[in-house]
Amino acid sequence: MSRIEIIHGDITKQAVDAIVNAANCSLLGGGGVDGAIHRAAGPELLAECRTLHGCETGKAKITRGYRLPAKYVIHTPGPVWRGGTHREDELLASCYRSCLTLADENGCKTVDFPSISTGVYAFPVERAAGIAIRTIGAFLADHPAIERVRMVCFDSRTRAAYDAALREWEARA
């Protein structure tokens, strides 16, 4: 059985070791999944994020989960889509690797991701899904302590893209 799963749901409701926040570089909250995570976690999350002094695109930082059912929130600013000629693919893959590295270093066995950069940052969802699944799969091959990674998709179009990417990756594995 694959250690990668795709589900449709609300990432703020997932009882896992860590959820990933598709953050902006300030880490001080925003729209979309970022705003939803900050609202659900409560003001303590913003207070801790203020102490982190932002984060570069493609990197990640970790905080407590506060009022979320997840123990930790791993914040990663994804790349803004600018036509695919500004290292967007490389930066997106780096987001997933950086988050999983922090999860592993903090003893997380279960990690849930949203679809990073495919909302207001306009990264094409099918392309993003392929990058995410390949990067997660490669990381898990070398890190057996992480038992399960889920992509928590907010809508059916996103879920279909990740389901297709996972099927393609499993067929090649």
# chains A, B, ... in the order shown; residues from 1 in each chain; ligands from 1
$ closest_atom_pairs --of "segment 27-65 of chain A" --to "segment 112-118 of chain A" --cutoff "12 Å" --atoms "only C-alpha atoms" --output "tab-separated table"
residue	atom	partner	partner_atom	distance
A:Gly32	CA	A:Thr118	CA	10.5
A:Val33	CA	A:Pro114	CA	7.7
A:Asp34	CA	A:Pro114	CA	10.0
A:Ala36	CA	A:Pro114	CA	11.7
A:Ile37	CA	A:Pro114	CA	11.0
A:Thr57	CA	A:Ser117	CA	10.6
A:Gly58	CA	A:Ile116	CA	10.5
$ residues_around --residues "Val149 of chain A" --least-positions-apart "5" --cutoff "6 Å" --atoms "only C-alpha atoms" --output "list in words"
Ile4, Thr110, Val111 and Asp112 of chain A
$ write_last_selection --atoms "N, CA and C atoms" --output "PDB file, in the first residue's frame"
ATOM      1  N   ILE A   4       1.372   7.394   0.291  1.00  0.00           N
ATOM      2  CA  ILE A   4       0.813   8.666  -0.167  1.00  0.00           C
ATOM      3  C   ILE A   4      -0.676   8.455  -0.431  1.00  0.00           C
ATOM      4  N   THR A 110       2.831  11.441  10.429  1.00  0.00           N
ATOM      5  CA  THR A 110       1.750  11.742   9.492  1.00  0.00           C
ATOM      6  C   THR A 110       1.784  13.231   9.148  1.00  0.00           C
ATOM      7  N   VAL A 111       1.750  13.523   7.840  1.00  0.00           N
ATOM      8  CA  VAL A 111       1.844  14.896   7.356  1.00  0.00           C
ATOM      9  C   VAL A 111       0.784  15.099   6.278  1.00  0.00           C
ATOM     10  N   ASP A 112       0.029  16.176   6.385  1.00  0.00           N
ATOM     11  CA  ASP A 112      -0.984  16.513   5.391  1.00  0.00           C
ATOM     12  C   ASP A 112      -0.622  17.826   4.709  1.00  0.00           C
TER      13      ASP A 112
END
$ residues_around --residues "Ala103 of chain A" --least-positions-apart "3" --cutoff "9 Å" --atoms "only C-alpha atoms" --output "JSON, numbers by chain"
{"A": [17, 18, 62, 72, 74, 98, 99, 100, 106, 107, 108, 109, 110, 111, 146]}
$ select_by_dssp --residues "chain A" --states "strand (DSSP E)" --output "mmCIF file with all heavy atoms, in the first residue's frame"
data_model
loop_
_atom_site.group_PDB
_atom_site.id
_atom_site.type_symbol
_atom_site.label_atom_id
_atom_site.label_comp_id
_atom_site.auth_asym_id
_atom_site.auth_seq_id
_atom_site.Cartn_x
_atom_site.Cartn_y
_atom_site.Cartn_z
ATOM 1 N N ILE A 4 1.372 7.394 0.291
ATOM 2 C CA ILE A 4 0.813 8.666 -0.167
ATOM 3 C C ILE A 4 -0.676 8.455 -0.431
ATOM 4 O O ILE A 4 -1.061 7.511 -1.107
ATOM 5 C CB ILE A 4 1.486 9.153 -1.461
ATOM 6 C CG1 ILE A 4 3.001 9.270 -1.286
ATOM 7 C CG2 ILE A 4 0.886 10.495 -1.894
ATOM 8 C CD1 ILE A 4 3.739 9.574 -2.580
ATOM 9 N N GLU A 5 -1.498 9.330 0.126
ATOM 10 C CA GLU A 5 -2.944 9.261 -0.082
ATOM 11 C C GLU A 5 -3.455 10.615 -0.545
ATOM 12 O O GLU A 5 -2.862 11.654 -0.229
ATOM 13 C CB GLU A 5 -3.660 8.888 1.226
ATOM 14 C CG GLU A 5 -3.303 7.505 1.762
ATOM 15 C CD GLU A 5 -3.965 7.226 3.098
ATOM 16 O OE1 GLU A 5 -4.842 8.002 3.540
ATOM 17 O OE2 GLU A 5 -3.591 6.216 3.713
ATOM 18 N N ILE A 6 -4.550 10.577 -1.286
ATOM 19 C CA ILE A 6 -5.211 11.796 -1.752
ATOM 20 C C ILE A 6 -6.619 11.793 -1.167
ATOM 21 O O ILE A 6 -7.344 10.809 -1.308
ATOM 22 C CB ILE A 6 -5.311 11.834 -3.298
ATOM 23 C CG1 ILE A 6 -4.024 11.401 -3.988
ATOM 24 C CG2 ILE A 6 -5.801 13.211 -3.765
ATOM 25 C CD1 ILE A 6 -2.827 12.251 -3.754
ATOM 26 N N ILE A 7 -6.991 12.868 -0.495
ATOM 27 C CA ILE A 7 -8.348 12.976 0.043
ATOM 28 C C ILE A 7 -8.932 14.340 -0.310
ATOM 29 O O ILE A 7 -8.211 15.274 -0.628
ATOM 30 C CB ILE A 7 -8.411 12.739 1.568
ATOM 31 C CG1 ILE A 7 -7.677 13.854 2.340
ATOM 32 C CG2 ILE A 7 -7.873 11.357 1.929
ATOM 33 C CD1 ILE A 7 -7.953 13.851 3.842
ATOM 34 N N HIS A 8 -10.254 14.417 -0.235
ATOM 35 C CA HIS A 8 -10.971 15.680 -0.391
ATOM 36 C C HIS A 8 -11.361 16.099 1.017
ATOM 37 O O HIS A 8 -11.914 15.300 1.770
ATOM 38 C CB HIS A 8 -12.220 15.462 -1.264
ATOM 39 C CG HIS A 8 -13.003 16.699 -1.487
ATOM 40 N ND1 HIS A 8 -14.044 17.064 -0.684
ATOM 41 C CD2 HIS A 8 -12.896 17.667 -2.422
ATOM 42 C CE1 HIS A 8 -14.556 18.198 -1.120
ATOM 43 N NE2 HIS A 8 -13.875 18.588 -2.178
ATOM 44 N N ALA A 18 1.412 16.788 11.585
ATOM 45 C CA ALA A 18 1.670 18.108 11.018
ATOM 46 C C ALA A 18 0.800 18.346 9.799
ATOM 47 O O ALA A 18 0.605 17.445 8.983
ATOM 48 C CB ALA A 18 3.138 18.239 10.618
ATOM 49 N N ILE A 19 0.307 19.581 9.713
ATOM 50 C CA ILE A 19 -0.304 20.041 8.466
ATOM 51 C C ILE A 19 0.619 21.100 7.888
ATOM 52 O O ILE A 19 1.354 21.771 8.618
ATOM 53 C CB ILE A 19 -1.736 20.600 8.636
ATOM 54 C CG1 ILE A 19 -1.771 21.836 9.533
ATOM 55 C CG2 ILE A 19 -2.684 19.502 9.111
ATOM 56 C CD1 ILE A 19 -3.096 22.589 9.517
ATOM 57 N N VAL A 20 0.566 21.235 6.583
ATOM 58 C CA VAL A 20 1.377 22.232 5.904
ATOM 59 C C VAL A 20 0.498 23.421 5.537
ATOM 60 O O VAL A 20 -0.628 23.261 5.073
ATOM 61 C CB VAL A 20 2.059 21.635 4.657
ATOM 62 C CG1 VAL A 20 2.757 22.719 3.834
ATOM 63 C CG2 VAL A 20 3.056 20.556 5.087
ATOM 64 N N ASN A 21 1.045 24.592 5.775
ATOM 65 C CA ASN A 21 0.384 25.836 5.416
ATOM 66 C C ASN A 21 1.035 26.402 4.173
ATOM 67 O O ASN A 21 2.239 26.653 4.159
ATOM 68 C CB ASN A 21 0.500 26.840 6.568
ATOM 69 C CG ASN A 21 -0.169 28.166 6.265
ATOM 70 O OD1 ASN A 21 -0.961 28.264 5.324
ATOM 71 N ND2 ASN A 21 0.150 29.167 7.047
ATOM 72 N N ALA A 22 0.253 26.611 3.130
ATOM 73 C CA ALA A 22 0.730 27.296 1.930
ATOM 74 C C ALA A 22 0.741 28.785 2.259
ATOM 75 O O ALA A 22 -0.222 29.504 2.027
ATOM 76 C CB ALA A 22 -0.178 26.989 0.742
ATOM 77 N N ALA A 23 1.839 29.219 2.844
ATOM 78 C CA ALA A 23 1.961 30.556 3.422
ATOM 79 C C ALA A 23 2.489 31.568 2.406
ATOM 80 O O ALA A 23 2.900 31.208 1.307
ATOM 81 C CB ALA A 23 2.904 30.492 4.625
ATOM 82 N N LYS A 61 9.250 26.624 7.722
ATOM 83 C CA LYS A 61 9.442 26.819 9.159
ATOM 84 C C LYS A 61 8.277 26.144 9.884
ATOM 85 O O LYS A 61 7.182 26.047 9.345
ATOM 86 C CB LYS A 61 9.528 28.300 9.508
ATOM 87 C CG LYS A 61 10.779 28.962 8.902
ATOM 88 C CD LYS A 61 11.034 30.336 9.447
ATOM 89 C CE LYS A 61 12.328 30.906 8.858
ATOM 90 N NZ LYS A 61 12.575 32.273 9.384
ATOM 91 N N ILE A 62 8.532 25.713 11.123
ATOM 92 C CA ILE A 62 7.533 24.943 11.869
ATOM 93 C C ILE A 62 7.089 25.696 13.123
ATOM 94 O O ILE A 62 7.896 26.390 13.751
ATOM 95 C CB ILE A 62 8.097 23.541 12.212
ATOM 96 C CG1 ILE A 62 7.009 22.595 12.728
ATOM 97 C CG2 ILE A 62 9.282 23.634 13.163
ATOM 98 C CD1 ILE A 62 7.434 21.134 12.771
ATOM 99 N N THR A 63 5.795 25.563 13.437
ATOM 100 C CA THR A 63 5.234 26.110 14.672
ATOM 101 C C THR A 63 4.356 25.044 15.314
ATOM 102 O O THR A 63 4.048 24.023 14.707
ATOM 103 C CB THR A 63 4.344 27.355 14.399
ATOM 104 O OG1 THR A 63 3.226 26.949 13.591
ATOM 105 C CG2 THR A 63 5.123 28.473 13.720
ATOM 106 N N ARG A 64 3.909 25.339 16.512
ATOM 107 C CA ARG A 64 2.904 24.489 17.157
ATOM 108 C C ARG A 64 1.578 24.651 16.420
ATOM 109 O O ARG A 64 1.373 25.615 15.689
ATOM 110 C CB ARG A 64 2.748 24.890 18.620
ATOM 111 C CG ARG A 64 3.979 24.518 19.441
ATOM 112 C CD ARG A 64 3.864 24.889 20.916
ATOM 113 N NE ARG A 64 2.545 24.656 21.453
ATOM 114 C CZ ARG A 64 1.981 25.436 22.389
ATOM 115 N NH1 ARG A 64 2.603 26.482 22.863
ATOM 116 N NH2 ARG A 64 0.776 25.146 22.844
ATOM 117 N N TYR A 72 1.570 20.165 14.833
ATOM 118 C CA TYR A 72 2.413 21.199 14.249
ATOM 119 C C TYR A 72 1.793 21.770 12.975
ATOM 120 O O TYR A 72 1.023 21.092 12.292
ATOM 121 C CB TYR A 72 3.778 20.634 13.829
ATOM 122 C CG TYR A 72 4.631 20.106 14.949
ATOM 123 C CD1 TYR A 72 4.817 18.732 15.114
ATOM 124 C CD2 TYR A 72 5.285 20.974 15.825
ATOM 125 C CE1 TYR A 72 5.627 18.235 16.133
ATOM 126 C CE2 TYR A 72 6.092 20.483 16.839
ATOM 127 C CZ TYR A 72 6.258 19.114 16.997
ATOM 128 O OH TYR A 72 7.055 18.628 17.997
ATOM 129 N N VAL A 73 2.220 22.993 12.649
ATOM 130 C CA VAL A 73 1.964 23.583 11.343
ATOM 131 C C VAL A 73 3.327 23.860 10.719
ATOM 132 O O VAL A 73 4.188 24.486 11.360
ATOM 133 C CB VAL A 73 1.159 24.894 11.428
ATOM 134 C CG1 VAL A 73 0.955 25.482 10.029
ATOM 135 C CG2 VAL A 73 -0.183 24.666 12.112
ATOM 136 N N ILE A 74 3.525 23.375 9.512
ATOM 137 C CA ILE A 74 4.756 23.655 8.775
ATOM 138 C C ILE A 74 4.387 24.649 7.676
ATOM 139 O O ILE A 74 3.545 24.368 6.835
ATOM 140 C CB ILE A 74 5.369 22.373 8.197
ATOM 141 C CG1 ILE A 74 5.674 21.380 9.328
ATOM 142 C CG2 ILE A 74 6.639 22.707 7.407
ATOM 143 C CD1 ILE A 74 6.150 20.017 8.855
ATOM 144 N N HIS A 75 5.005 25.811 7.730
ATOM 145 C CA HIS A 75 4.671 26.919 6.829
ATOM 146 C C HIS A 75 5.675 26.952 5.684
ATOM 147 O O HIS A 75 6.886 26.936 5.926
ATOM 148 C CB HIS A 75 4.738 28.243 7.589
ATOM 149 C CG HIS A 75 3.951 28.242 8.863
ATOM 150 N ND1 HIS A 75 2.664 28.723 8.939
ATOM 151 C CD2 HIS A 75 4.266 27.799 10.110
ATOM 152 C CE1 HIS A 75 2.224 28.589 10.181
ATOM 153 N NE2 HIS A 75 3.176 28.031 10.908
ATOM 154 N N THR A 76 5.178 27.021 4.456
ATOM 155 C CA THR A 76 6.070 27.117 3.301
ATOM 156 C C THR A 76 5.493 28.076 2.262
ATOM 157 O O THR A 76 4.361 27.902 1.829
ATOM 158 C CB THR A 76 6.360 25.729 2.677
ATOM 159 O OG1 THR A 76 7.368 25.860 1.678
ATOM 160 C CG2 THR A 76 5.129 25.072 2.097
ATOM 161 N N PRO A 77 6.247 29.086 1.886
ATOM 162 C CA PRO A 77 5.794 29.956 0.802
ATOM 163 C C PRO A 77 6.110 29.316 -0.555
ATOM 164 O O PRO A 77 7.276 29.056 -0.869
ATOM 165 C CB PRO A 77 6.599 31.249 0.989
ATOM 166 C CG PRO A 77 7.248 31.132 2.338
ATOM 167 C CD PRO A 77 7.387 29.667 2.595
ATOM 168 N N THR A 110 2.831 11.441 10.429
ATOM 169 C CA THR A 110 1.750 11.742 9.492
ATOM 170 C C THR A 110 1.784 13.231 9.148
ATOM 171 O O THR A 110 1.863 14.083 10.042
ATOM 172 C CB THR A 110 0.377 11.365 10.084
ATOM 173 O OG1 THR A 110 0.222 11.994 11.368
ATOM 174 C CG2 THR A 110 0.248 9.855 10.243
ATOM 175 N N VAL A 111 1.750 13.523 7.840
ATOM 176 C CA VAL A 111 1.844 14.896 7.356
ATOM 177 C C VAL A 111 0.784 15.099 6.278
ATOM 178 O O VAL A 111 0.661 14.279 5.363
ATOM 179 C CB VAL A 111 3.237 15.185 6.742
ATOM 180 C CG1 VAL A 111 3.343 16.643 6.303
ATOM 181 C CG2 VAL A 111 4.354 14.827 7.708
ATOM 182 N N ASP A 112 0.029 16.176 6.385
ATOM 183 C CA ASP A 112 -0.984 16.513 5.391
ATOM 184 C C ASP A 112 -0.622 17.826 4.709
ATOM 185 O O ASP A 112 -0.317 18.820 5.381
ATOM 186 C CB ASP A 112 -2.363 16.655 6.041
ATOM 187 C CG ASP A 112 -3.004 15.309 6.357
ATOM 188 O OD1 ASP A 112 -2.328 14.274 6.259
ATOM 189 O OD2 ASP A 112 -4.196 15.312 6.716
ATOM 190 N N PHE A 113 -0.665 17.805 3.379
ATOM 191 C CA PHE A 113 -0.360 18.981 2.563
ATOM 192 C C PHE A 113 -1.609 19.492 1.859
ATOM 193 O O PHE A 113 -2.431 18.691 1.404
ATOM 194 C CB PHE A 113 0.611 18.604 1.426
ATOM 195 C CG PHE A 113 2.046 18.462 1.810
ATOM 196 C CD1 PHE A 113 2.554 17.224 2.193
ATOM 197 C CD2 PHE A 113 2.912 19.546 1.740
ATOM 198 C CE1 PHE A 113 3.894 17.074 2.512
ATOM 199 C CE2 PHE A 113 4.257 19.407 2.050
ATOM 200 C CZ PHE A 113 4.754 18.169 2.439
ATOM 201 N N ARG A 148 2.862 8.248 6.636
ATOM 202 C CA ARG A 148 1.836 8.586 5.655
ATOM 203 C C ARG A 148 1.860 10.072 5.348
ATOM 204 O O ARG A 148 1.957 10.904 6.254
ATOM 205 C CB ARG A 148 0.456 8.219 6.179
ATOM 206 C CG ARG A 148 -0.633 8.378 5.098
ATOM 207 C CD ARG A 148 -2.028 8.430 5.667
ATOM 208 N NE ARG A 148 -2.221 9.671 6.401
ATOM 209 C CZ ARG A 148 -2.860 9.761 7.566
ATOM 210 N NH1 ARG A 148 -3.357 8.688 8.136
ATOM 211 N NH2 ARG A 148 -3.004 10.923 8.169
ATOM 212 N N VAL A 149 1.762 10.377 4.068
ATOM 213 C CA VAL A 149 1.607 11.757 3.606
ATOM 214 C C VAL A 149 0.314 11.810 2.812
ATOM 215 O O VAL A 149 0.078 10.982 1.932
ATOM 216 C CB VAL A 149 2.794 12.207 2.724
ATOM 217 C CG1 VAL A 149 2.535 13.588 2.146
ATOM 218 C CG2 VAL A 149 4.094 12.184 3.526
ATOM 219 N N ARG A 150 -0.531 12.773 3.165
ATOM 220 C CA ARG A 150 -1.785 12.952 2.431
ATOM 221 C C ARG A 150 -1.812 14.315 1.775
ATOM 222 O O ARG A 150 -1.369 15.304 2.350
ATOM 223 C CB ARG A 150 -2.989 12.863 3.369
ATOM 224 C CG ARG A 150 -3.331 11.478 3.800
ATOM 225 C CD ARG A 150 -4.684 11.398 4.467
ATOM 226 N NE ARG A 150 -4.831 12.374 5.546
ATOM 227 C CZ ARG A 150 -5.698 12.247 6.546
ATOM 228 N NH1 ARG A 150 -6.491 11.206 6.607
ATOM 229 N NH2 ARG A 150 -5.780 13.164 7.479
ATOM 230 N N MET A 151 -2.368 14.343 0.586
ATOM 231 C CA MET A 151 -2.725 15.586 -0.075
ATOM 232 C C MET A 151 -4.190 15.823 0.250
ATOM 233 O O MET A 151 -5.038 14.980 -0.082
ATOM 234 C CB MET A 151 -2.536 15.481 -1.587
ATOM 235 C CG MET A 151 -1.107 15.279 -2.040
ATOM 236 S SD MET A 151 0.082 16.542 -1.527
ATOM 237 C CE MET A 151 -0.709 18.046 -2.091
ATOM 238 N N VAL A 152 -4.486 16.913 0.917
ATOM 239 C CA VAL A 152 -5.855 17.250 1.288
ATOM 240 C C VAL A 152 -6.344 18.287 0.283
ATOM 241 O O VAL A 152 -5.934 19.449 0.311
ATOM 242 C CB VAL A 152 -5.933 17.785 2.729
ATOM 243 C CG1 VAL A 152 -7.383 18.110 3.097
ATOM 244 C CG2 VAL A 152 -5.350 16.771 3.707
ATOM 245 N N CYS A 153 -7.183 17.841 -0.610
ATOM 246 C CA CYS A 153 -7.649 18.675 -1.722
ATOM 247 C C CYS A 153 -8.968 19.344 -1.367
ATOM 248 O O CYS A 153 -9.890 18.691 -0.879
ATOM 249 C CB CYS A 153 -7.795 17.829 -2.985
ATOM 250 S SG CYS A 153 -6.243 17.020 -3.460
#
$ closest_residue --among "A:Asn24, A:Ser2, A:Thr101, A:Thr12" --to "Phe154 of chain A" --atoms "only C-alpha atoms"
A:Thr12
$ atom_distance --atom1 "atom CA of Gly9 of chain A" --atom2 "atom CA of Thr158 of chain A"
11.1 Å
$ residues_around --residues "segment 128-137 of chain A" --least-positions-apart "2" --cutoff "7 Å" --atoms "only C-alpha atoms" --output "PyMOL selection string"
chain A and resi 93+96-97+123-126+139-141+161-162+165-166+169
$ write_last_selection --atoms "C-alpha atoms" --output "JSON list (two decimals), in the first residue's frame"
[["chain", "number", "residue", "atom", "x", "y", "z"],
["A", 93, "ALA", "CA", 9.68, 20.81, -5.25],
["A", 96, "TYR", "CA", 7.71, 19.79, -0.36],
["A", 97, "ARG", "CA", 11.26, 18.62, 0.48],
["A", 123, "PHE", "CA", 0.58, 27.41, -10.52],
["A", 124, "PRO", "CA", -1.12, 25.03, -13.01],
["A", 125, "VAL", "CA", -2.67, 22.32, -10.83],
["A", 126, "GLU", "CA", -1.82, 19.33, -13.05],
["A", 139, "PHE", "CA", 11.54, 11.68, -0.08],
["A", 140, "LEU", "CA", 9.55, 8.82, 1.45],
["A", 141, "ALA", "CA", 11.79, 6.26, -0.28],
["A", 161, "ALA", "CA", -5.25, 16.16, -10.67],
["A", 162, "TYR", "CA", -3.55, 14.61, -7.63],
["A", 165, "ALA", "CA", -0.46, 12.18, -10.64],
["A", 166, "LEU", "CA", -0.41, 9.46, -7.97],
["A", 169, "TRP", "CA", 3.80, 7.80, -10.23]]
$ closest_residue --among "A:Arg39, A:Arg67, A:Lys13, A:Arg127" --to "Gly83 of chain A" --atoms "only C-alpha atoms"
A:Arg127
$ closest_residue --among "A:Lys59, A:Glu105, A:Glu170, A:Gly54" --to "Ala145 of chain A" --atoms "only C-alpha atoms"
A:Glu105
